[in-house]
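Colleague: Here you go, upload_34.cif (mmCIF, C-alpha atoms):
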data_model
#
loop_
_atom_site.label_atom_id
_atom_site.label_comp_id
_atom_site.auth_asym_id
_atom_site.auth_seq_id
_atom_site.Cartn_x
_atom_site.Cartn_y
_atom_site.Cartn_z
CA MET L 286 -34.12 -12.58 17.31
CA SER L 287 -30.65 -13.08 15.81
CA ASP L 288 -27.83 -10.59 16.40
CA HIS L 289 -27.71 -9.79 12.67
CA SER L 290 -31.45 -9.05 12.58
CA ARG L 291 -31.09 -6.69 15.50
CA LEU L 292 -28.06 -5.06 13.91
CA GLY L 293 -29.90 -4.56 10.65
CA ARG L 294 -32.53 -2.50 12.44
CA GLY L 295 -29.87 -0.06 13.58
CA LEU L 296 -28.76 1.25 16.95
CA ALA L 297 -32.24 2.32 17.96
CA ALA L 298 -33.20 -1.36 18.18
CA LEU L 299 -30.33 -1.97 20.59
CA ILE L 300 -30.45 1.06 22.89
CA GLY L 301 -34.00 2.27 22.46
CA ASP L 302 -34.98 5.69 21.19
CA VAL L 303 -32.50 7.44 23.45
CA GLY L 304 -32.21 10.29 20.99
CA ASP L 305 -35.90 11.13 21.13
CA GLU L 306 -36.52 14.55 22.63
CA THR L 307 -39.43 13.32 24.74
CA SER L 308 -37.29 10.50 26.10
CA ALA L 309 -34.57 12.95 27.04
CA ALA L 310 -37.09 14.80 29.16
CA ASP L 311 -38.04 11.60 31.01
CA SER L 312 -35.68 11.24 33.95
CA SER L 313 -36.16 7.47 34.03
CA ARG L 314 -34.68 7.14 30.55
CA LYS L 315 -32.42 10.16 30.48
CA PRO L 316 -28.93 9.10 29.34
CA ARG L 317 -25.98 9.74 31.63
CA ARG L 318 -23.39 12.41 30.97
CA ALA L 319 -19.63 12.08 30.79
CA PRO L 320 -16.76 14.58 30.62
CA ILE L 321 -15.96 15.25 26.99
CA GLU L 322 -12.27 14.45 27.55
CA ASN L 323 -13.19 10.93 28.70
CA LEU L 324 -14.43 9.96 25.24
CA ARG L 325 -12.12 8.42 22.65
CA PRO L 326 -12.69 8.06 18.88
CA ASN L 327 -13.25 4.54 17.58
CA PRO L 328 -10.06 3.60 15.68
CA ARG L 329 -12.18 1.27 13.52
CA ASN L 330 -14.70 3.93 12.54
CA PRO L 331 -14.82 3.77 8.72
CA ARG L 332 -15.63 7.46 8.55
CA ARG L 333 -12.42 9.45 8.22
CA SER L 334 -13.60 12.72 6.69
CA PHE L 335 -14.96 15.49 8.93
CA THR L 336 -14.96 18.87 7.19
CA ASP L 337 -14.53 22.13 9.08
CA SER L 338 -17.70 23.54 7.55
CA GLU L 339 -19.95 20.72 8.78
CA LEU L 340 -18.37 20.73 12.26
CA ASP L 341 -18.69 24.52 12.54
CA GLU L 342 -22.33 24.37 11.48
CA LEU L 343 -23.12 21.62 13.98
CA SER L 344 -21.23 23.36 16.78
CA VAL L 345 -23.45 26.44 16.35
CA SER L 346 -26.53 24.24 16.72
CA ILE L 347 -25.04 22.52 19.79
CA ARG L 348 -24.28 25.86 21.47
CA GLU L 349 -27.91 26.89 20.98
CA ARG L 350 -29.71 23.63 21.77
CA GLY L 351 -27.16 21.24 23.22
CA ILE L 352 -26.80 17.62 22.09
CA ILE L 353 -30.27 16.05 21.86
CA GLN L 354 -29.19 12.60 20.71
CA PRO L 355 -26.64 10.97 23.03
CA ILE L 356 -23.32 9.66 21.81
CA VAL L 357 -23.29 5.85 21.77
CA VAL L 358 -20.20 4.47 23.53
CA ARG L 359 -18.73 1.35 25.08
CA ALA L 360 -16.81 1.36 28.35
CA LEU L 361 -13.02 1.22 28.41
CA GLN L 362 -10.77 0.94 31.44
CA GLY L 363 -11.34 3.43 34.21
CA ASP L 364 -13.78 6.22 33.39
CA ASP L 365 -13.01 6.32 29.67
CA PHE L 366 -15.35 5.40 26.82
CA GLU L 367 -14.89 4.58 23.14
CA ILE L 368 -17.28 6.22 20.71
CA ILE L 369 -19.33 3.80 18.62
CA ALA L 370 -21.68 6.32 17.01
CA GLY L 371 -21.61 10.08 17.27
CA GLU L 372 -17.98 11.06 16.68
CA ARG L 373 -19.09 14.06 14.60
CA ARG L 374 -21.24 15.31 17.50
CA TRP L 375 -18.34 14.78 19.90
CA ARG L 376 -15.97 16.78 17.68
CA ALA L 377 -18.51 19.58 17.24
CA ALA L 378 -19.20 19.63 20.99
CA GLN L 379 -15.51 20.33 21.59
CA ARG L 380 -15.71 23.27 19.21
CA ALA L 381 -18.82 24.48 20.99
CA GLY L 382 -16.93 24.49 24.30
CA LEU L 383 -19.01 21.83 26.08
CA HIS L 384 -17.48 20.22 29.16
CA ASP L 385 -19.65 17.09 29.17
CA VAL L 386 -21.94 15.28 26.75
CA PRO L 387 -24.85 12.81 27.01
CA ILE L 388 -23.85 9.22 26.39
CA ALA L 389 -25.64 5.89 25.97
CA VAL L 390 -23.43 3.00 27.08
CA ILE L 391 -23.84 -0.39 25.39
CA GLU L 392 -21.87 -3.62 25.55
CA ALA L 393 -19.98 -4.40 22.36
CA ASN L 394 -16.89 -6.32 21.35
CA ASP L 395 -14.51 -5.12 18.63
CA ALA L 396 -16.51 -6.69 15.79
CA GLN L 397 -19.83 -5.33 17.05
CA SER L 398 -18.30 -1.90 17.57
CA LEU L 399 -17.30 -1.79 13.91
CA GLU L 400 -20.67 -3.17 12.82
CA PHE L 401 -22.55 -0.52 14.80
CA ALA L 402 -20.34 2.25 13.43
CA ILE L 403 -20.93 1.13 9.85
CA ILE L 404 -24.68 0.73 10.36
CA GLU L 405 -25.08 4.16 11.91
CA ASN L 406 -23.03 5.90 9.23
CA VAL L 407 -24.62 4.00 6.32
CA GLN L 408 -28.13 4.68 7.58
CA ARG L 409 -27.31 8.38 7.89
CA THR L 410 -25.46 8.33 4.53
CA ASP L 411 -22.46 9.88 6.31
CA LEU L 412 -19.90 7.63 4.64
CA ASN L 413 -18.48 8.28 1.20
CA PRO L 414 -18.40 5.12 -0.97
CA ILE L 415 -14.69 4.48 -0.35
CA GLU L 416 -15.16 4.68 3.43
CA GLU L 417 -18.17 2.38 3.14
CA ALA L 418 -16.15 -0.12 1.10
CA SER L 419 -13.27 -0.01 3.60
CA GLY L 420 -15.68 -0.69 6.45
CA TYR L 421 -17.19 -3.68 4.69
CA LEU L 422 -13.76 -5.09 3.88
CA ALA L 423 -12.60 -4.63 7.48
CA LEU L 424 -15.57 -6.66 8.69
CA MET L 425 -14.65 -9.42 6.25
CA ASP L 426 -10.89 -9.43 6.78
CA ASP L 427 -10.64 -8.66 10.50
CA PHE L 428 -13.70 -10.50 11.78
CA ASN L 429 -14.20 -13.31 9.26
CA ARG L 430 -17.52 -12.06 7.88
CA THR L 431 -18.76 -13.11 4.44
CA GLN L 432 -20.31 -10.72 1.94
CA GLU L 433 -23.65 -12.29 2.80
CA ASP L 434 -23.04 -11.59 6.51
CA VAL L 435 -22.10 -7.97 5.84
CA ALA L 436 -25.16 -7.45 3.64
CA HIS L 437 -27.41 -8.81 6.41
CA ILE L 438 -25.70 -6.72 9.08
CA VAL L 439 -26.02 -3.38 7.26
CA GLY L 440 -29.37 -4.06 5.59
CA LYS L 441 -28.02 -3.92 2.03
CA SER L 442 -28.09 -6.46 -0.80
CA ARG L 443 -25.11 -8.74 -1.35
CA PRO L 444 -24.51 -7.29 -4.88
CA HIS L 445 -24.40 -3.81 -3.32
CA VAL L 446 -21.76 -4.94 -0.84
CA ALA L 447 -19.76 -6.73 -3.57
CA ASN L 448 -19.91 -3.77 -5.96
CA THR L 449 -18.95 -1.34 -3.21
CA ILE L 450 -15.92 -3.39 -2.17
CA ARG L 451 -14.80 -3.51 -5.83
CA LEU L 452 -14.22 0.26 -5.62
CA LEU L 453 -11.12 -0.45 -3.53
CA LYS L 454 -9.49 -1.86 -6.68
CA LEU L 455 -9.40 1.64 -8.18
CA SER L 456 -6.23 3.71 -8.22
CA GLU L 457 -5.70 6.12 -5.33
CA ALA L 458 -6.25 9.06 -7.70
CA ILE L 459 -9.73 7.84 -8.63
CA LYS L 460 -10.55 6.92 -5.03
CA GLN L 461 -9.85 10.53 -4.11
CA LEU L 462 -12.22 11.73 -6.82
CA VAL L 463 -14.91 9.51 -5.29
CA ARG L 464 -14.16 10.71 -1.76
CA SER L 465 -14.46 14.33 -2.85
CA GLY L 466 -17.70 13.67 -4.74
CA LYS L 467 -16.26 14.68 -8.12
CA ILE L 468 -17.38 11.35 -9.54
CA SER L 469 -20.08 9.09 -8.14
CA ALA L 470 -19.85 5.48 -7.02
CA GLY L 471 -21.86 4.58 -10.13
CA HIS L 472 -19.22 6.21 -12.34
CA ALA L 473 -16.42 4.58 -10.38
CA ARG L 474 -17.85 1.06 -10.66
CA LEU L 475 -17.68 1.33 -14.44
CA LEU L 476 -13.99 2.22 -14.23
CA VAL L 477 -12.84 -0.76 -12.14
CA GLY L 478 -10.27 -2.67 -14.16
CA HIS L 479 -10.37 -0.32 -17.15
CA PRO L 480 -6.87 0.41 -18.49
CA ASN L 481 -7.76 4.06 -19.17
CA ALA L 482 -9.71 4.61 -15.96
CA GLU L 483 -8.05 7.86 -14.91
CA GLN L 484 -8.40 9.36 -18.38
CA ILE L 485 -12.10 8.48 -18.48
CA ALA L 486 -12.58 9.84 -14.94
CA GLN L 487 -11.19 13.20 -16.02
CA GLU L 488 -13.47 13.14 -19.07
CA ILE L 489 -16.45 12.50 -16.77
CA ILE L 490 -15.55 15.60 -14.77
CA ASP L 491 -14.73 17.82 -17.75
CA LYS L 492 -17.86 16.91 -19.72
CA ASN L 493 -20.15 16.32 -16.73
CA LEU L 494 -21.07 12.89 -18.11
CA SER L 495 -23.86 10.90 -16.49
CA VAL L 496 -23.39 7.28 -15.47
CA ARG L 497 -25.61 6.21 -18.36
CA GLN L 498 -23.53 8.20 -20.86
CA VAL L 499 -20.30 6.63 -19.60
CA GLU L 500 -21.83 3.16 -19.69
CA ALA L 501 -22.98 3.68 -23.28
CA GLN L 502 -19.52 4.94 -24.27
CA LEU L 503 -17.78 1.94 -22.73
CA GLN L 504 -20.24 -0.49 -24.30
CA GLN L 505 -19.61 1.08 -27.70
CA GLU L 506 -15.84 0.73 -27.23
CA ALA L 507 -16.25 -2.90 -26.17
CA ALA L 508 -18.41 -3.65 -29.20
CA MET L 509 -15.76 -2.19 -31.52
CA GLN L 510 -13.08 -4.29 -29.84
CA ARG L 511 -15.19 -7.42 -30.26
CA ARG L 512 -15.71 -6.69 -33.95
CA ASP L 513 -11.99 -6.19 -34.40
CA SER L 514 -11.13 -9.37 -32.52
CA GLN L 515 -13.61 -11.40 -34.56
CA ARG L 516 -11.86 -10.52 -37.80
CA GLU L 517 -9.62 -13.51 -38.25
CA PRO L 518 -6.23 -12.54 -39.68
CA LYS L 519 -5.36 -13.80 -43.13
CA GLY L 520 -3.63 -17.13 -43.12
CA SER L 521 -5.23 -18.21 -39.85
CA ALA L 522 -6.62 -21.34 -41.52
CA THR L 523 -3.07 -22.53 -42.19
CA LYS L 524 -1.68 -22.03 -38.68
CA ASP L 525 0.89 -24.63 -37.83
CA ALA L 526 0.61 -27.03 -34.90
CA ASP L 527 3.05 -25.04 -32.76
CA THR L 528 0.98 -21.85 -33.11
CA ARG L 529 -2.26 -23.67 -32.30
CA ALA L 530 -0.61 -25.26 -29.27
CA LEU L 531 0.59 -21.85 -28.10
CA GLU L 532 -2.93 -20.45 -28.47
CA LYS L 533 -4.29 -23.28 -26.37
CA ARG L 534 -1.67 -22.78 -23.65
CA LEU L 535 -2.44 -19.06 -23.45
CA SER L 536 -6.19 -19.69 -23.50
CA ASP L 537 -5.90 -22.21 -20.68
CA ALA L 538 -3.73 -19.85 -18.63
CA LEU L 539 -5.99 -16.80 -19.09
CA GLY L 540 -9.34 -18.51 -19.31
CA LEU L 541 -10.16 -16.51 -22.45
CA ALA L 542 -10.04 -17.00 -26.21
CA VAL L 543 -6.59 -16.17 -27.54
CA SER L 544 -5.48 -15.78 -31.16
CA VAL L 545 -1.84 -15.65 -32.29
CA ASP L 546 -0.97 -14.38 -35.78
CA HIS L 547 2.75 -14.99 -36.25
CA ARG L 548 4.44 -13.56 -39.30
CA GLY L 549 8.19 -13.50 -39.75
CA GLU L 550 9.88 -12.18 -36.62
CA GLY L 551 6.72 -10.46 -35.28
CA GLY L 552 3.00 -10.87 -35.13
CA THR L 553 -0.21 -10.06 -33.28
CA LEU L 554 -1.61 -11.47 -30.02
CA ARG L 555 -5.38 -11.01 -29.54
CA ILE L 556 -7.18 -11.68 -26.27
CA LYS L 557 -10.98 -11.64 -26.33
CA TYR L 558 -12.82 -10.59 -23.18
CA ARG L 559 -16.56 -10.28 -22.65
CA ASP L 560 -16.72 -7.58 -19.98
CA LEU L 561 -14.66 -5.48 -17.60
CA GLU L 562 -14.63 -8.26 -15.00
CA GLN L 563 -12.79 -10.51 -17.44
CA LEU L 564 -10.41 -7.71 -18.38
CA ASP L 565 -9.72 -7.09 -14.69
CA SER L 566 -8.98 -10.80 -14.26
CA VAL L 567 -6.53 -10.77 -17.17
CA LEU L 568 -4.72 -7.71 -15.82
CA LYS L 569 -4.32 -9.39 -12.44
CA LYS L 570 -2.88 -12.53 -14.02
CA LEU L 571 -0.46 -10.41 -16.04
CA GLY L 572 0.51 -8.44 -12.94
CA ALA L 573 -0.65 -5.17 -14.53
#
Is it possible to give me this structure as structure tokens?

Modeller:
Amino acid sequence: MSDHSRLGRGLAALIGDVGDETSAADSSRKPRRAPIENLRPNPRNPRRSFTDSELDELSVSIRERGIIQPIVVRALQGDDFEIIAGERRWRAAQRAGLHDVPIAVIEANDAQSLEFAIIENVQRTDLNPIEEASGYLALMDDFNRTQEDVAHIVGKSRPHVANTIRLLKLSEAIKQLVRSGKISAGHARLLVGHPNAEQIAQEIIDKNLSVRQVEAQLQQEAAMQRRDSQREPKGSATKDADTRALEKRLSDALGLAVSVDHRGEGGTLRIKYRDLEQLDSVLKKLGA
């Protein structure tokens, strides 16, 4: 079985059902324990947000029942361990006043450690979409993974991975709205590359618009722009050779249809784009 296939099945496929309550009662499979201060957070863990409310709630449960599912770690130098999966439990255990915690030790290099962390969080839906996107991009940039590799590793489709990573193109203001849950990943994907993205995001919040409503609104705006762009300006049939040459140069540079209507000292420049991907490409080329 390939490493990616095993990864796609999650941590249970690698360490066994160590979190199962019946397994915990079996001394032959009971995970070891380690002092809580010997555990270190994984600096590559894509999850960055741990709210006080969720940690307080979990710490109450831990005080009453303990930690049933062990924290998955890899060994560091000495007696220290780096957390691969279970940082939330570790943080809550500190709040609950525990002195040691159950751990399951596995062998993992840096790339695998990040892969495991992403898998565990994605399968538990613990990551917000921006954290998920950052994790995917880290796998690609830091460990030379392709989108296809990442999709196989986390058990998602390649379009899902690609669309999630695109969210990182959003402004920091909109990313924060996604992190806080004020707008969904579906809303945010529609805003990538849109020149009025922040204005539309605020409208989504104020009017409680669904993804379908926003999509319909953007499609209507795009249709109006296409109709406007298709109306050839008067005198276009008599454009001189210099104007036609300029249109060709701009079209070649942008990869889109360009129309120049020059009159006197001024004029109009029209750029036709089919979808938001093309608009995003134009904005990048213009440095906007």

Colleague: Taking the file as shown, what set of residues would the PyMOL selection byres ((chain L and resi 386-395) around 8) give back, as an MDAnalysis selection string?

Modeller: chainID L and resid 300 303 316:321 352 354:360 375 378 383:385 396:399

Colleague: Using the chain letters and numbers from the file, give me the residues hit by the PyMOL selection byres ((chain L and resi 380) around 10), as a PyMOL selection string.

Modeller: chain L and resi 340-341+343-345+347-348+374-379+381-383

Colleague: What gap, in Å, lies between CA of Phe366 in chain L and CA of Pro328 in chain L?

Modeller: 12.5 Å

Colleague: Any idea what's packed within 12 Å of Arg529 in chain L, counting all atoms listed in the file, ignoring anything in its chain fewer than 3 positions away? Could you give it as a list of chain:residue names?

Modeller: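 Using all atoms listed in the file, the neighbours found are L:Ser521, L:Ala522, L:Thr523, L:Lys524, L:Asp525, L:Ala526, L:Glu532, L:Lys533, L:Arg534, L:Leu535, L:Ser536, L:Ala542, L:Val543, L:Ser544, L:Val545, L:Asp546, L:His547.
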
Colleague: Give as a PyMOL selection string every residue, naming chains and numbers as the document does, that has an atom within 8 Å of (-16.0, 5.7, 12.2), counting only C-alpha atoms.

Modeller: chain L and resi 326-333+369-370+372+399+402-403+406

Colleague: Find the residues near range 486-490 of chain L: any atom within 12 Å, counting all atoms listed in the file, skip ones fewer than 3 places away on the same chain, and give them as a PyMOL selection string.

Modeller: chain L and resi 455-456+458-463+466-477+479-483+493-500+502

Colleague: How far is it from CA of Leu561 in chain L to CA of Leu531 in chain L, in Å with one decimal?

Modeller: 24.7 Å

Colleague: Provide the CA of Arg511 in chain L to CA of Ile556 in chain L distance in Å, to one decimal place.

Modeller: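 A separation of 9.9 Å between them.
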
Colleague: Applying the PyMOL selection byres ((chain L and resi 421) around 12) to the file I just gave you, which residues come out? Please list them as a compact mmCIF listing (two decimals) with C-alpha atoms, keeping the file's coordinate frame.

Modeller:
# COMPACT_ATOMS: atom_id res chain seq x y z
CA ARG L 329 -12.18 1.27 13.52
CA ASN L 330 -14.70 3.93 12.54
CA PRO L 331 -14.82 3.77 8.72
CA ARG L 332 -15.63 7.46 8.55
CA ALA L 396 -16.51 -6.69 15.79
CA LEU L 399 -17.30 -1.79 13.91
CA GLU L 400 -20.67 -3.17 12.82
CA PHE L 401 -22.55 -0.52 14.80
CA ALA L 402 -20.34 2.25 13.43
CA ILE L 403 -20.93 1.13 9.85
CA ILE L 404 -24.68 0.73 10.36
CA VAL L 407 -24.62 4.00 6.32
CA LEU L 412 -19.90 7.63 4.64
CA PRO L 414 -18.40 5.12 -0.97
CA ILE L 415 -14.69 4.48 -0.35
CA GLU L 416 -15.16 4.68 3.43
CA GLU L 417 -18.17 2.38 3.14
CA ALA L 418 -16.15 -0.12 1.10
CA SER L 419 -13.27 -0.01 3.60
CA GLY L 420 -15.68 -0.69 6.45
CA LEU L 422 -13.76 -5.09 3.88
CA ALA L 423 -12.60 -4.63 7.48
CA LEU L 424 -15.57 -6.66 8.69
CA MET L 425 -14.65 -9.42 6.25
CA ASP L 426 -10.89 -9.43 6.78
CA ASP L 427 -10.64 -8.66 10.50
CA PHE L 428 -13.70 -10.50 11.78
CA ASN L 429 -14.20 -13.31 9.26
CA ARG L 430 -17.52 -12.06 7.88
CA THR L 431 -18.76 -13.11 4.44
CA GLN L 432 -20.31 -10.72 1.94
CA GLU L 433 -23.65 -12.29 2.80
CA ASP L 434 -23.04 -11.59 6.51
CA VAL L 435 -22.10 -7.97 5.84
CA ALA L 436 -25.16 -7.45 3.64
CA HIS L 437 -27.41 -8.81 6.41
CA ILE L 438 -25.70 -6.72 9.08
CA VAL L 439 -26.02 -3.38 7.26
CA LYS L 441 -28.02 -3.92 2.03
CA ARG L 443 -25.11 -8.74 -1.35
CA HIS L 445 -24.40 -3.81 -3.32
CA VAL L 446 -21.76 -4.94 -0.84
CA ALA L 447 -19.76 -6.73 -3.57
CA ASN L 448 -19.91 -3.77 -5.96
CA THR L 449 -18.95 -1.34 -3.21
CA ILE L 450 -15.92 -3.39 -2.17
CA ARG L 451 -14.80 -3.51 -5.83
CA LEU L 452 -14.22 0.26 -5.62
CA LEU L 453 -11.12 -0.45 -3.53

Colleague: For Thr528 in chain L, which of L:Met509, L:Leu571, L:Leu554, L:Leu503 is the closest residue, counting all atoms listed in the file?

Modeller: L:Leu554

Colleague: Report as AutoDock Vina command-line options the centre and the edge lengths, in Å to one decimal, of the axis-aligned box holding every listed atom of range 351-357 of chain L, padded by 4 Å on each side.

Modeller:
--center_x -26.8 --center_y 13.5 --center_z 22.0 --size_x 15.0 --size_y 23.4 --size_z 10.5
